[in-house]
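What follows is upload-v3.cif (mmCIF, C-alpha atoms and all ligand atoms).
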data_start
loop_
_atom_site.group_PDB
_atom_site.id
_atom_site.type_symbol
_atom_site.label_atom_id
_atom_site.label_comp_id
_atom_site.auth_asym_id
_atom_site.auth_seq_id
_atom_site.Cartn_x
_atom_site.Cartn_y
_atom_site.Cartn_z
ATOM 1 C CA MET K 18 69.308 81.983 125.252
ATOM 2 C CA ALA K 19 67.875 85.101 123.652
ATOM 3 C CA GLU K 20 71.340 85.787 122.365
ATOM 4 C CA VAL K 21 71.418 82.515 120.405
ATOM 5 C CA ILE K 22 68.104 83.267 118.697
ATOM 6 C CA ASP K 23 69.206 86.824 117.961
ATOM 7 C CA MET K 24 72.408 85.525 116.424
ATOM 8 C CA SER K 25 70.714 83.269 113.853
ATOM 9 C CA ARG K 26 68.301 86.052 112.947
ATOM 10 C CA THR K 27 71.212 88.418 112.551
ATOM 11 C CA ILE K 28 73.068 86.010 110.287
ATOM 12 C CA SER K 29 70.130 85.592 107.929
ATOM 13 C CA THR K 30 69.761 89.383 107.857
ATOM 14 C CA TRP K 31 73.436 89.570 106.851
ATOM 15 C CA ARG K 32 72.813 87.119 104.053
ATOM 16 C CA TRP K 33 69.988 89.282 102.750
ATOM 17 C CA LYS K 34 72.032 92.419 103.045
ATOM 18 C CA LYS K 35 74.823 90.695 101.172
ATOM 19 C CA ILE K 36 72.473 89.756 98.333
ATOM 20 C CA LEU K 37 71.045 93.293 98.214
ATOM 21 C CA LEU K 38 74.537 94.812 98.268
ATOM 22 C CA ALA K 39 75.694 92.454 95.515
ATOM 23 C CA GLY K 40 72.657 93.499 93.450
ATOM 24 C CA ALA K 41 73.393 97.184 93.975
ATOM 25 C CA ALA K 42 77.063 96.640 93.169
ATOM 26 C CA ALA K 43 76.152 94.867 89.922
ATOM 27 C CA LEU K 44 74.253 97.974 88.837
ATOM 28 C CA LEU K 45 77.046 100.361 89.779
ATOM 29 C CA ILE K 46 80.173 98.446 88.867
ATOM 30 C CA PRO K 47 80.747 97.064 85.380
ATOM 31 C CA THR K 48 81.208 93.308 85.368
ATOM 32 C CA THR K 49 84.430 91.710 84.202
ATOM 33 C CA THR K 50 82.787 90.761 80.919
ATOM 34 C CA GLN K 51 81.603 94.300 80.211
ATOM 35 C CA ALA K 52 85.054 95.563 81.121
ATOM 36 C CA ALA K 53 86.660 93.005 78.805
ATOM 37 C CA ASN K 54 84.421 94.317 76.049
ATOM 38 C CA GLY K 55 85.686 97.794 76.691
ATOM 39 C CA ALA K 56 82.373 99.100 78.105
ATOM 40 C CA ASN K 57 84.315 101.114 80.655
ATOM 41 C CA GLY K 58 87.170 102.018 78.340
ATOM 42 C CA HIS K 59 89.752 99.668 79.783
ATOM 43 C CA ARG K 60 91.114 96.286 78.786
ATOM 44 C CA SER K 61 90.849 93.198 80.996
ATOM 45 C CA GLY K 62 93.838 92.048 83.055
ATOM 46 C CA LYS K 63 94.179 88.997 80.817
ATOM 47 C CA GLU K 64 94.356 91.128 77.683
ATOM 48 C CA VAL K 65 96.978 93.493 79.144
ATOM 49 C CA VAL K 66 99.098 90.589 80.369
ATOM 50 C CA GLU K 67 98.941 88.768 77.049
ATOM 51 C CA THR K 68 99.706 91.843 74.937
ATOM 52 C CA VAL K 69 102.219 93.667 77.186
ATOM 53 C CA CYS K 70 103.464 91.907 80.334
ATOM 54 C CA ALA K 71 103.865 88.358 78.974
ATOM 55 C CA ARG K 72 106.873 89.454 76.902
ATOM 56 C CA CYS K 73 108.925 89.296 80.125
ATOM 57 C CA HIS K 74 106.653 87.696 82.727
ATOM 58 C CA ALA K 75 105.841 84.568 80.680
ATOM 59 C CA THR K 76 109.487 83.531 80.554
ATOM 60 C CA GLY K 77 111.116 85.310 83.507
ATOM 61 C CA LEU K 78 113.215 87.477 81.188
ATOM 62 C CA ASN K 79 115.791 89.602 83.083
ATOM 63 C CA GLY K 80 114.573 88.270 86.443
ATOM 64 C CA ALA K 81 110.878 89.135 85.967
ATOM 65 C CA PRO K 82 108.740 87.012 88.327
ATOM 66 C CA GLU K 83 107.345 84.331 86.011
ATOM 67 C CA ILE K 84 103.579 83.828 85.764
ATOM 68 C CA GLY K 85 102.834 80.564 87.610
ATOM 69 C CA ASP K 86 105.918 80.800 89.865
ATOM 70 C CA GLU K 87 104.103 80.735 93.212
ATOM 71 C CA ALA K 88 107.201 81.282 95.342
ATOM 72 C CA ALA K 89 108.329 84.333 93.369
ATOM 73 C CA TRP K 90 104.876 85.918 93.318
ATOM 74 C CA SER K 91 103.776 85.189 96.893
ATOM 75 C CA GLN K 92 106.820 87.110 98.140
ATOM 76 C CA ARG K 93 106.028 90.097 95.911
ATOM 77 C CA ALA K 94 102.269 89.876 96.545
ATOM 78 C CA ALA K 95 102.875 90.280 100.278
ATOM 79 C CA GLN K 96 103.553 93.983 99.562
ATOM 80 C CA GLY K 97 99.895 94.432 98.567
ATOM 81 C CA LEU K 98 98.392 95.773 95.355
ATOM 82 C CA THR K 99 98.997 99.467 96.097
ATOM 83 C CA ALA K 100 102.775 99.029 96.492
ATOM 84 C CA LEU K 101 103.098 96.655 93.517
ATOM 85 C CA THR K 102 101.102 99.031 91.330
ATOM 86 C CA LYS K 103 103.325 101.942 92.344
ATOM 87 C CA HIS K 104 106.405 99.902 91.336
ATOM 88 C CA ALA K 105 104.769 98.948 88.026
ATOM 89 C CA ILE K 106 103.902 102.622 87.347
ATOM 90 C CA ASP K 107 107.361 103.969 88.243
ATOM 91 C CA GLY K 108 109.351 100.943 87.105
ATOM 92 C CA ILE K 109 111.704 99.009 89.365
ATOM 93 C CA ARG K 110 115.209 97.836 88.382
ATOM 94 C CA ASN K 111 114.756 95.931 85.036
ATOM 95 C CA MET K 112 110.983 96.423 85.081
ATOM 96 C CA PRO K 113 110.252 99.460 82.842
ATOM 97 C CA PRO K 114 107.572 102.030 83.873
ATOM 98 C CA HIS K 115 104.103 100.771 82.788
ATOM 99 C CA GLY K 116 105.811 97.631 81.452
ATOM 100 C CA GLY K 117 107.279 99.842 78.718
ATOM 101 C CA SER K 118 103.786 100.701 77.346
ATOM 102 C CA PRO K 119 102.753 104.173 78.559
ATOM 103 C CA GLY K 120 99.261 103.537 77.089
ATOM 104 C CA VAL K 121 98.510 101.045 79.878
ATOM 105 C CA SER K 122 96.463 102.942 82.488
ATOM 106 C CA ASP K 123 97.069 102.652 86.226
ATOM 107 C CA PHE K 124 93.845 100.682 86.637
ATOM 108 C CA GLU K 125 94.801 98.328 83.795
ATOM 109 C CA LEU K 126 98.093 97.745 85.636
ATOM 110 C CA GLU K 127 96.118 96.810 88.753
ATOM 111 C CA LEU K 128 93.982 94.368 86.737
ATOM 112 C CA ALA K 129 97.092 92.878 85.077
ATOM 113 C CA ILE K 130 98.932 92.473 88.394
ATOM 114 C CA THR K 131 95.875 90.838 89.979
ATOM 115 C CA TYR K 132 95.658 88.498 86.977
ATOM 116 C CA MET K 133 99.326 87.471 87.303
ATOM 117 C CA VAL K 134 99.085 87.032 91.089
ATOM 118 C CA ASN K 135 95.959 84.869 90.699
ATOM 119 C CA HIS K 136 97.668 82.725 88.048
ATOM 120 C CA SER K 137 100.543 82.217 90.473
ATOM 121 C CA GLY K 138 98.710 80.769 93.473
ATOM 122 C CA GLY K 139 97.067 84.007 94.714
ATOM 123 C CA HIS K 140 93.405 84.615 95.512
ATOM 124 C CA TRP K 141 92.991 88.358 95.108
ATOM 125 C CA ALA K 142 89.582 89.904 94.532
ATOM 126 C CA ARG K 143 89.157 92.033 91.423
ATOM 127 C CA PRO K 144 90.198 95.608 92.339
ATOM 128 C CA LEU K 145 87.663 98.430 92.147
ATOM 129 C CA ASP K 146 88.200 101.160 89.594
ATOM 130 C CA LYS K 147 88.766 104.040 92.020
ATOM 131 C CA ALA K 148 88.175 106.542 89.180
ATOM 132 C CA SER K 149 84.618 105.319 88.633
ATOM 133 C CA VAL K 150 83.948 104.478 92.302
ATOM 134 C CA PRO K 151 85.781 107.269 94.102
ATOM 135 C CA VAL K 152 84.205 106.853 97.529
ATOM 136 C CA GLU K 153 86.005 105.052 100.307
ATOM 137 C CA ARG K 154 84.157 101.823 101.033
ATOM 138 C CA SER K 155 82.530 101.656 104.460
ATOM 139 C CA GLY K 156 83.482 99.032 107.020
ATOM 140 C CA GLU K 157 80.034 97.513 106.609
ATOM 141 C CA GLN K 158 80.401 97.229 102.816
ATOM 142 C CA ILE K 159 83.825 95.595 103.075
ATOM 143 C CA VAL K 160 82.736 93.136 105.728
ATOM 144 C CA HIS K 161 79.724 92.049 103.671
ATOM 145 C CA GLU K 162 81.768 91.834 100.490
ATOM 146 C CA ARG K 163 84.522 89.708 101.948
ATOM 147 C CA CYS K 164 85.319 89.325 105.642
ATOM 148 C CA ILE K 165 81.942 87.745 106.435
ATOM 149 C CA GLN K 166 82.982 84.649 104.455
ATOM 150 C CA CYS K 167 85.132 83.581 107.401
ATOM 151 C CA HIS K 168 84.235 85.975 110.214
ATOM 152 C CA GLY K 169 80.481 85.327 109.828
ATOM 153 C CA THR K 170 80.768 81.716 110.955
ATOM 154 C CA GLY K 171 84.129 81.666 112.739
ATOM 155 C CA PHE K 172 85.605 79.583 109.911
ATOM 156 C CA ASP K 173 89.103 78.240 110.729
ATOM 157 C CA GLY K 174 89.076 80.032 114.093
ATOM 158 C CA ALA K 175 88.286 83.522 112.771
ATOM 159 C CA PRO K 176 86.884 85.732 115.574
ATOM 160 C CA LYS K 177 83.169 86.087 114.818
ATOM 161 C CA ILE K 178 81.494 89.380 113.952
ATOM 162 C CA GLY K 179 80.102 90.958 117.119
ATOM 163 C CA ASP K 180 81.581 88.250 119.375
ATOM 164 C CA ARG K 181 83.080 90.615 121.941
ATOM 165 C CA ALA K 182 84.565 87.760 124.007
ATOM 166 C CA ALA K 183 86.586 86.611 120.996
ATOM 167 C CA TRP K 184 87.712 90.119 119.999
ATOM 168 C CA ILE K 185 88.582 91.701 123.364
ATOM 169 C CA PRO K 186 91.716 89.583 124.077
ATOM 170 C CA ARG K 187 92.993 90.373 120.572
ATOM 171 C CA LEU K 188 92.566 94.093 121.270
ATOM 172 C CA ARG K 189 94.538 94.088 124.541
ATOM 173 C CA TYR K 190 97.314 96.204 123.012
ATOM 174 C CA GLY K 191 94.841 98.457 121.211
ATOM 175 C CA LEU K 192 93.467 98.606 117.689
ATOM 176 C CA GLU K 193 96.625 99.460 115.741
ATOM 177 C CA PRO K 194 98.528 96.157 116.264
ATOM 178 C CA VAL K 195 95.395 94.283 115.143
ATOM 179 C CA VAL K 196 95.095 96.507 112.059
ATOM 180 C CA ARG K 197 98.745 95.799 111.210
ATOM 181 C CA SER K 198 98.194 92.083 111.754
ATOM 182 C CA ALA K 199 95.201 92.103 109.378
ATOM 183 C CA ILE K 200 97.285 93.959 106.766
ATOM 184 C CA ARG K 201 100.098 91.380 107.052
ATOM 185 C CA GLY K 202 97.832 88.362 107.505
ATOM 186 C CA HIS K 203 98.806 85.358 109.583
ATOM 187 C CA GLY K 204 97.924 81.661 109.553
ATOM 188 C CA PRO K 205 94.624 81.158 107.729
ATOM 189 C CA MET K 206 93.923 84.943 107.760
ATOM 190 C CA PRO K 207 95.030 86.179 104.303
ATOM 191 C CA PRO K 208 96.858 89.564 104.027
ATOM 192 C CA ARG K 209 94.206 92.354 103.906
ATOM 193 C CA GLY K 210 91.565 89.613 104.182
ATOM 194 C CA GLY K 211 92.260 88.776 100.526
ATOM 195 C CA MET K 212 91.164 92.229 99.253
ATOM 196 C CA ALA K 213 94.569 93.437 98.135
ATOM 197 C CA ASP K 214 93.274 96.877 97.126
ATOM 198 C CA LEU K 215 91.937 97.788 100.580
ATOM 199 C CA THR K 216 93.493 100.905 102.047
ATOM 200 C CA ASP K 217 94.679 100.820 105.652
ATOM 201 C CA ALA K 218 91.789 103.143 106.597
ATOM 202 C CA GLU K 219 89.268 100.805 104.960
ATOM 203 C CA ILE K 220 90.670 97.820 106.871
ATOM 204 C CA ARG K 221 90.469 99.771 110.130
ATOM 205 C CA GLY K 222 86.802 100.576 109.374
ATOM 206 C CA ALA K 223 86.018 96.919 108.628
ATOM 207 C CA ILE K 224 87.606 95.772 111.896
ATOM 208 C CA ILE K 225 85.742 98.374 113.965
ATOM 209 C CA TYR K 226 82.513 97.260 112.299
ATOM 210 C CA MET K 227 83.192 93.588 113.175
ATOM 211 C CA VAL K 228 84.173 94.305 116.778
ATOM 212 C CA ASP K 229 81.284 96.697 117.443
ATOM 213 C CA TYR K 230 78.569 94.954 115.458
ATOM 214 C CA GLY K 231 75.247 95.016 117.232
ATOM 215 C CA THR K 232 76.429 96.975 120.263
ATOM 216 C CA PRO K 233 74.748 100.327 120.833
ATOM 217 C CA ALA K 234 76.972 103.276 119.889
ATOM 218 C CA ALA K 235 78.715 104.892 122.858
ATOM 219 C CA LYS K 236 76.930 108.018 124.081
HETATM 220 C C1 LIG R 1 110.631 94.423 79.592
HETATM 221 C C2 LIG R 1 110.295 93.380 80.499
HETATM 222 C C3 LIG R 1 109.041 93.571 81.351
HETATM 223 C C4 LIG R 1 107.772 93.865 80.941
HETATM 224 C C5 LIG R 1 107.256 94.084 79.533
HETATM 225 C C6 LIG R 1 106.950 93.879 82.142
HETATM 226 N N1 LIG R 1 107.716 93.609 83.251
HETATM 227 FE FE1 LIG R 1 107.104 93.562 85.190
HETATM 228 N N2 LIG R 1 108.973 93.085 85.804
HETATM 229 C C7 LIG R 1 110.062 92.939 84.976
HETATM 230 C C8 LIG R 1 111.224 92.617 85.771
HETATM 231 C C9 LIG R 1 112.619 92.353 85.244
HETATM 232 C C10 LIG R 1 110.795 92.601 87.117
HETATM 233 C C11 LIG R 1 111.639 92.324 88.365
HETATM 234 C C12 LIG R 1 112.168 93.639 88.857
HETATM 235 C C13 LIG R 1 112.939 93.476 90.142
HETATM 236 O O1 LIG R 1 112.323 93.362 91.188
HETATM 237 O O2 LIG R 1 114.160 93.437 90.058
HETATM 238 C C14 LIG R 1 109.380 92.885 87.107
HETATM 239 C C15 LIG R 1 108.599 92.971 88.235
HETATM 240 C C16 LIG R 1 107.247 93.276 88.231
HETATM 241 C C17 LIG R 1 106.438 93.394 89.402
HETATM 242 C C18 LIG R 1 106.893 93.200 90.841
HETATM 243 C C19 LIG R 1 107.304 94.519 91.427
HETATM 244 C C20 LIG R 1 107.718 94.405 92.867
HETATM 245 O O3 LIG R 1 107.644 95.423 93.563
HETATM 246 O O4 LIG R 1 108.105 93.333 93.330
HETATM 247 C C21 LIG R 1 105.164 93.707 88.985
HETATM 248 C C22 LIG R 1 103.957 93.943 89.873
HETATM 249 C C23 LIG R 1 105.192 93.780 87.551
HETATM 250 N N3 LIG R 1 106.469 93.525 87.126
HETATM 251 C C24 LIG R 1 104.094 94.060 86.781
HETATM 252 C C25 LIG R 1 104.118 94.140 85.398
HETATM 253 C C26 LIG R 1 102.946 94.411 84.590
HETATM 254 C C27 LIG R 1 101.539 94.625 85.137
HETATM 255 C C28 LIG R 1 103.358 94.408 83.300
HETATM 256 C C29 LIG R 1 102.512 94.610 82.069
HETATM 257 C C30 LIG R 1 101.727 95.817 82.022
HETATM 258 C C31 LIG R 1 104.791 94.162 83.290
HETATM 259 N N4 LIG R 1 105.208 93.997 84.585
HETATM 260 C C32 LIG R 1 105.585 94.127 82.154
HETATM 261 C C33 LIG R 1 110.070 93.070 83.600
HETATM 262 C C34 LIG R 1 108.997 93.403 82.808
HETATM 263 C C1 LIG R 2 89.693 83.135 104.376
HETATM 264 C C2 LIG R 2 89.135 83.451 105.656
HETATM 265 C C3 LIG R 2 89.218 84.880 106.154
HETATM 266 C C4 LIG R 2 88.833 86.034 105.497
HETATM 267 C C5 LIG R 2 88.225 86.182 104.121
HETATM 268 C C6 LIG R 2 89.101 87.119 106.423
HETATM 269 N N1 LIG R 2 89.629 86.639 107.583
HETATM 270 FE FE1 LIG R 2 90.291 87.738 109.182
HETATM 271 N N2 LIG R 2 90.855 86.032 110.148
HETATM 272 C C7 LIG R 2 90.691 84.752 109.668
HETATM 273 C C8 LIG R 2 91.173 83.802 110.642
HETATM 274 C C9 LIG R 2 91.128 82.319 110.514
HETATM 275 C C10 LIG R 2 91.645 84.574 111.739
HETATM 276 C C11 LIG R 2 92.289 84.067 113.011
HETATM 277 C C12 LIG R 2 93.767 83.926 112.708
HETATM 278 C C13 LIG R 2 94.598 83.613 113.919
HETATM 279 O O1 LIG R 2 94.266 84.029 115.009
HETATM 280 O O2 LIG R 2 95.642 82.982 113.720
HETATM 281 C C14 LIG R 2 91.436 85.964 111.386
HETATM 282 C C15 LIG R 2 91.805 87.035 112.187
HETATM 283 C C16 LIG R 2 91.549 88.365 111.893
HETATM 284 C C17 LIG R 2 91.870 89.470 112.759
HETATM 285 C C18 LIG R 2 92.551 89.388 114.107
HETATM 286 C C19 LIG R 2 94.032 89.548 113.915
HETATM 287 C C20 LIG R 2 94.783 89.419 115.219
HETATM 288 O O3 LIG R 2 95.968 89.782 115.211
HETATM 289 O O4 LIG R 2 94.238 88.996 116.226
HETATM 290 C C21 LIG R 2 91.447 90.607 112.129
HETATM 291 C C22 LIG R 2 91.576 92.019 112.634
HETATM 292 C C23 LIG R 2 90.863 90.211 110.875
HETATM 293 N N3 LIG R 2 90.931 88.836 110.750
HETATM 294 C C24 LIG R 2 90.320 91.086 109.964
HETATM 295 C C25 LIG R 2 89.767 90.710 108.735
HETATM 296 C C26 LIG R 2 89.194 91.636 107.793
HETATM 297 C C27 LIG R 2 89.112 93.136 107.986
HETATM 298 C C28 LIG R 2 88.749 90.893 106.729
HETATM 299 C C29 LIG R 2 88.065 91.389 105.476
HETATM 300 C C30 LIG R 2 88.727 92.435 104.733
HETATM 301 C C31 LIG R 2 89.078 89.497 107.011
HETATM 302 N N4 LIG R 2 89.676 89.433 108.234
HETATM 303 C C32 LIG R 2 88.811 88.445 106.141
HETATM 304 C C33 LIG R 2 90.167 84.392 108.448
HETATM 305 C C34 LIG R 2 89.711 85.272 107.463
#

Please rewrite the model in this file as structure tokens.
Ligand code: HEC
Ligand code: HEC
Amino acid sequence: MAEVIDMSRTISTWRWKKILLAGAAALLIPTTTQAANGANGHRSGKEVVETVCARCHATGLNGAPEIGDEAAWSQRAAQGLTALTKHAIDGIRNMPPHGGSPGVSDFELELAITYMVNHSGGHWARPLDKASVPVERSGEQIVHERCIQCHGTGFDGAPKIGDRAAWIPRLRYGLEPVVRSAIRGHGPMPPRGGMADLTDAEIRGAIIYMVDYGTPAAK
């Protein structure tokens, strides 16, 4: 009984925290529009794609995955943003390093890749500029930014935050297999929860936060 009441109170607290966090983030992180205007010294993903990447990726020249080709991109996207960005920086087969334009920064590559993935059936969140936000995001931050959308309510069968009964059977082989499963995604659970730029450590932190939520820390 008390648990039910606690739960609804907790959820509305989460909502508030989410709003507060979003407010704080808006102050710290430049918005897409500011970024597009060059406020942070980098071009938007759209601009980079149109001026640099489209030359090959608009037409599929030399086997480049074509923008809008969902099958081609979903396969590549499964590697995650970090791996794709590394390939775009170093070049891979007929893909030249930095798309052949050394002036494109690593972060601009991330924005451009996210733009192409999202115009090819993907739903990636905008990556954070690690140079301007160098800190690793906490499990709590990540959960409130993203995972709560499904894990807050149990949407589509997602194990709910703090619902030990739902989490314990999933953890029967330990934390690592569950971390790997969240990285890969399965069924309605998108790879990396849809935040392609999450590091493995950040995902681990988010999972621990969801499993342990509301339980007193072990002494
Ligand atoms: C000169 C042509 C060309 C340009 C310009 C170009 N690409 Fe590519 N790109 C390719 C080709 C060809 C491939 C396929 C390589 C392969 O897997 O064989 C590719 C593949 C990729 C992949 C998938 C890599 C993987 O691991 O599967 C990414 C990501 C990518 N390009 C990003 C970009 C971005 C971002 C830009 C613009 C900044 C860009 N490309 C510009 C030709 C190009
Ligand atoms: C779009 C909805 C959605 C979002 C967003 C989402 N999840 Fe999930 N998640 C699910 C669903 C649904 C399941 C249950 C899938 C199943 O069991 O087949 C699940 C399962 C999981 C599991 C259990 C995996 C297993 O092998 O038992 C973990 C861990 C997990 N999610 C972590 C996360 C993390 C971390 C985030 C945020 C970065 C996140 N999820 C965001 C829907 C989502």

Among listed residues K:Gly169, K:Gly120, K:Pro114, K:Gly139, nearest His59 of chain K (using all atoms listed in the file):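 Closest candidate: K:Gly120.
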
Expected selection as a ChimeraX atom specification for ligand LIG 1 (chain R) within 7 Å, all atoms listed in the file: /K:65-66,69-74,78-82,93,100-102,104-105,109-113,115-117,121,126-127,129-130

Keeping only C-alpha atoms, write the selected residues to a file as an mmCIF file, keeping the file's coordinate frame.
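Now in again-v8.cif:
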data_model
loop_
_atom_site.group_PDB
_atom_site.id
_atom_site.type_symbol
_atom_site.label_atom_id
_atom_site.label_comp_id
_atom_site.auth_asym_id
_atom_site.auth_seq_id
_atom_site.Cartn_x
_atom_site.Cartn_y
_atom_site.Cartn_z
ATOM 1 C CA VAL K 65 96.978 93.493 79.144
ATOM 2 C CA VAL K 66 99.098 90.589 80.369
ATOM 3 C CA VAL K 69 102.219 93.667 77.186
ATOM 4 C CA CYS K 70 103.464 91.907 80.334
ATOM 5 C CA ALA K 71 103.865 88.358 78.974
ATOM 6 C CA ARG K 72 106.873 89.454 76.902
ATOM 7 C CA CYS K 73 108.925 89.296 80.125
ATOM 8 C CA HIS K 74 106.653 87.696 82.727
ATOM 9 C CA LEU K 78 113.215 87.477 81.188
ATOM 10 C CA ASN K 79 115.791 89.602 83.083
ATOM 11 C CA GLY K 80 114.573 88.270 86.443
ATOM 12 C CA ALA K 81 110.878 89.135 85.967
ATOM 13 C CA PRO K 82 108.740 87.012 88.327
ATOM 14 C CA ARG K 93 106.028 90.097 95.911
ATOM 15 C CA ALA K 100 102.775 99.029 96.492
ATOM 16 C CA LEU K 101 103.098 96.655 93.517
ATOM 17 C CA THR K 102 101.102 99.031 91.330
ATOM 18 C CA HIS K 104 106.405 99.902 91.336
ATOM 19 C CA ALA K 105 104.769 98.948 88.026
ATOM 20 C CA ILE K 109 111.704 99.009 89.365
ATOM 21 C CA ARG K 110 115.209 97.836 88.382
ATOM 22 C CA ASN K 111 114.756 95.931 85.036
ATOM 23 C CA MET K 112 110.983 96.423 85.081
ATOM 24 C CA PRO K 113 110.252 99.460 82.842
ATOM 25 C CA HIS K 115 104.103 100.771 82.788
ATOM 26 C CA GLY K 116 105.811 97.631 81.452
ATOM 27 C CA GLY K 117 107.279 99.842 78.718
ATOM 28 C CA VAL K 121 98.510 101.045 79.878
ATOM 29 C CA LEU K 126 98.093 97.745 85.636
ATOM 30 C CA GLU K 127 96.118 96.810 88.753
ATOM 31 C CA ALA K 129 97.092 92.878 85.077
ATOM 32 C CA ILE K 130 98.932 92.473 88.394
#

Proximity to Ala89 of chain K - best of K:Lys63, K:Met133, K:Val196, K:Asp107, only C-alpha atoms: K:Met133

Between atom CA of Gly97 of chain K and atom CA of Ser122 of chain K - distance in Å to one decimal: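 Taking atom CA of Ser122 of chain K as the start and atom CA of Gly97 of chain K as the end point, the length is 18.5 Å.
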
d(atom CA of Arg163 of chain K, atom CA of Met212 of chain K) in Å: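 Here the two named atoms are 7.6 Å from each other.
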
Contacts of Val228 of chain K at 7 Å (all atoms listed in the file; same-chain gap of 5+ positions) as a ChimeraX atom specification: /K:178-179,181,184

K:Gln166, K:Thr76, K:Thr68, K:Ser155 ranked by distance to ligand LIG 2 (chain R), top pick (using all atoms listed in the file): K:Gln166

Between atom CA of Arg154 of chain K and atom CA of Ile106 of chain K, distance in Å (one decimal): 24.0 Å

Pick from K:Ile225, K:Ala175, K:Ala218, K:Ala182 nearest to ligand LIG 2 (chain R), counting only C-alpha atoms and all ligand atoms: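 Of the candidates, the smallest distance to ligand LIG 2 (chain R) is held by K:Ala175.
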
Ligand LIG 2 (chain R) neighbours within 7 Å using all atoms listed in the file, as a PyMOL selection string: chain K and resi 159-160+163-168+172-176+187+194-196+198-199+203-207+209-212+220+223-224

Nearest to Asp217 of chain K by atom-to-atom distance, counting only C-alpha atoms, from K:Thr99, K:Gln92, K:Gln158, K:Ser137: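 For Asp217 of chain K, the nearest of the given residues is K:Thr99.
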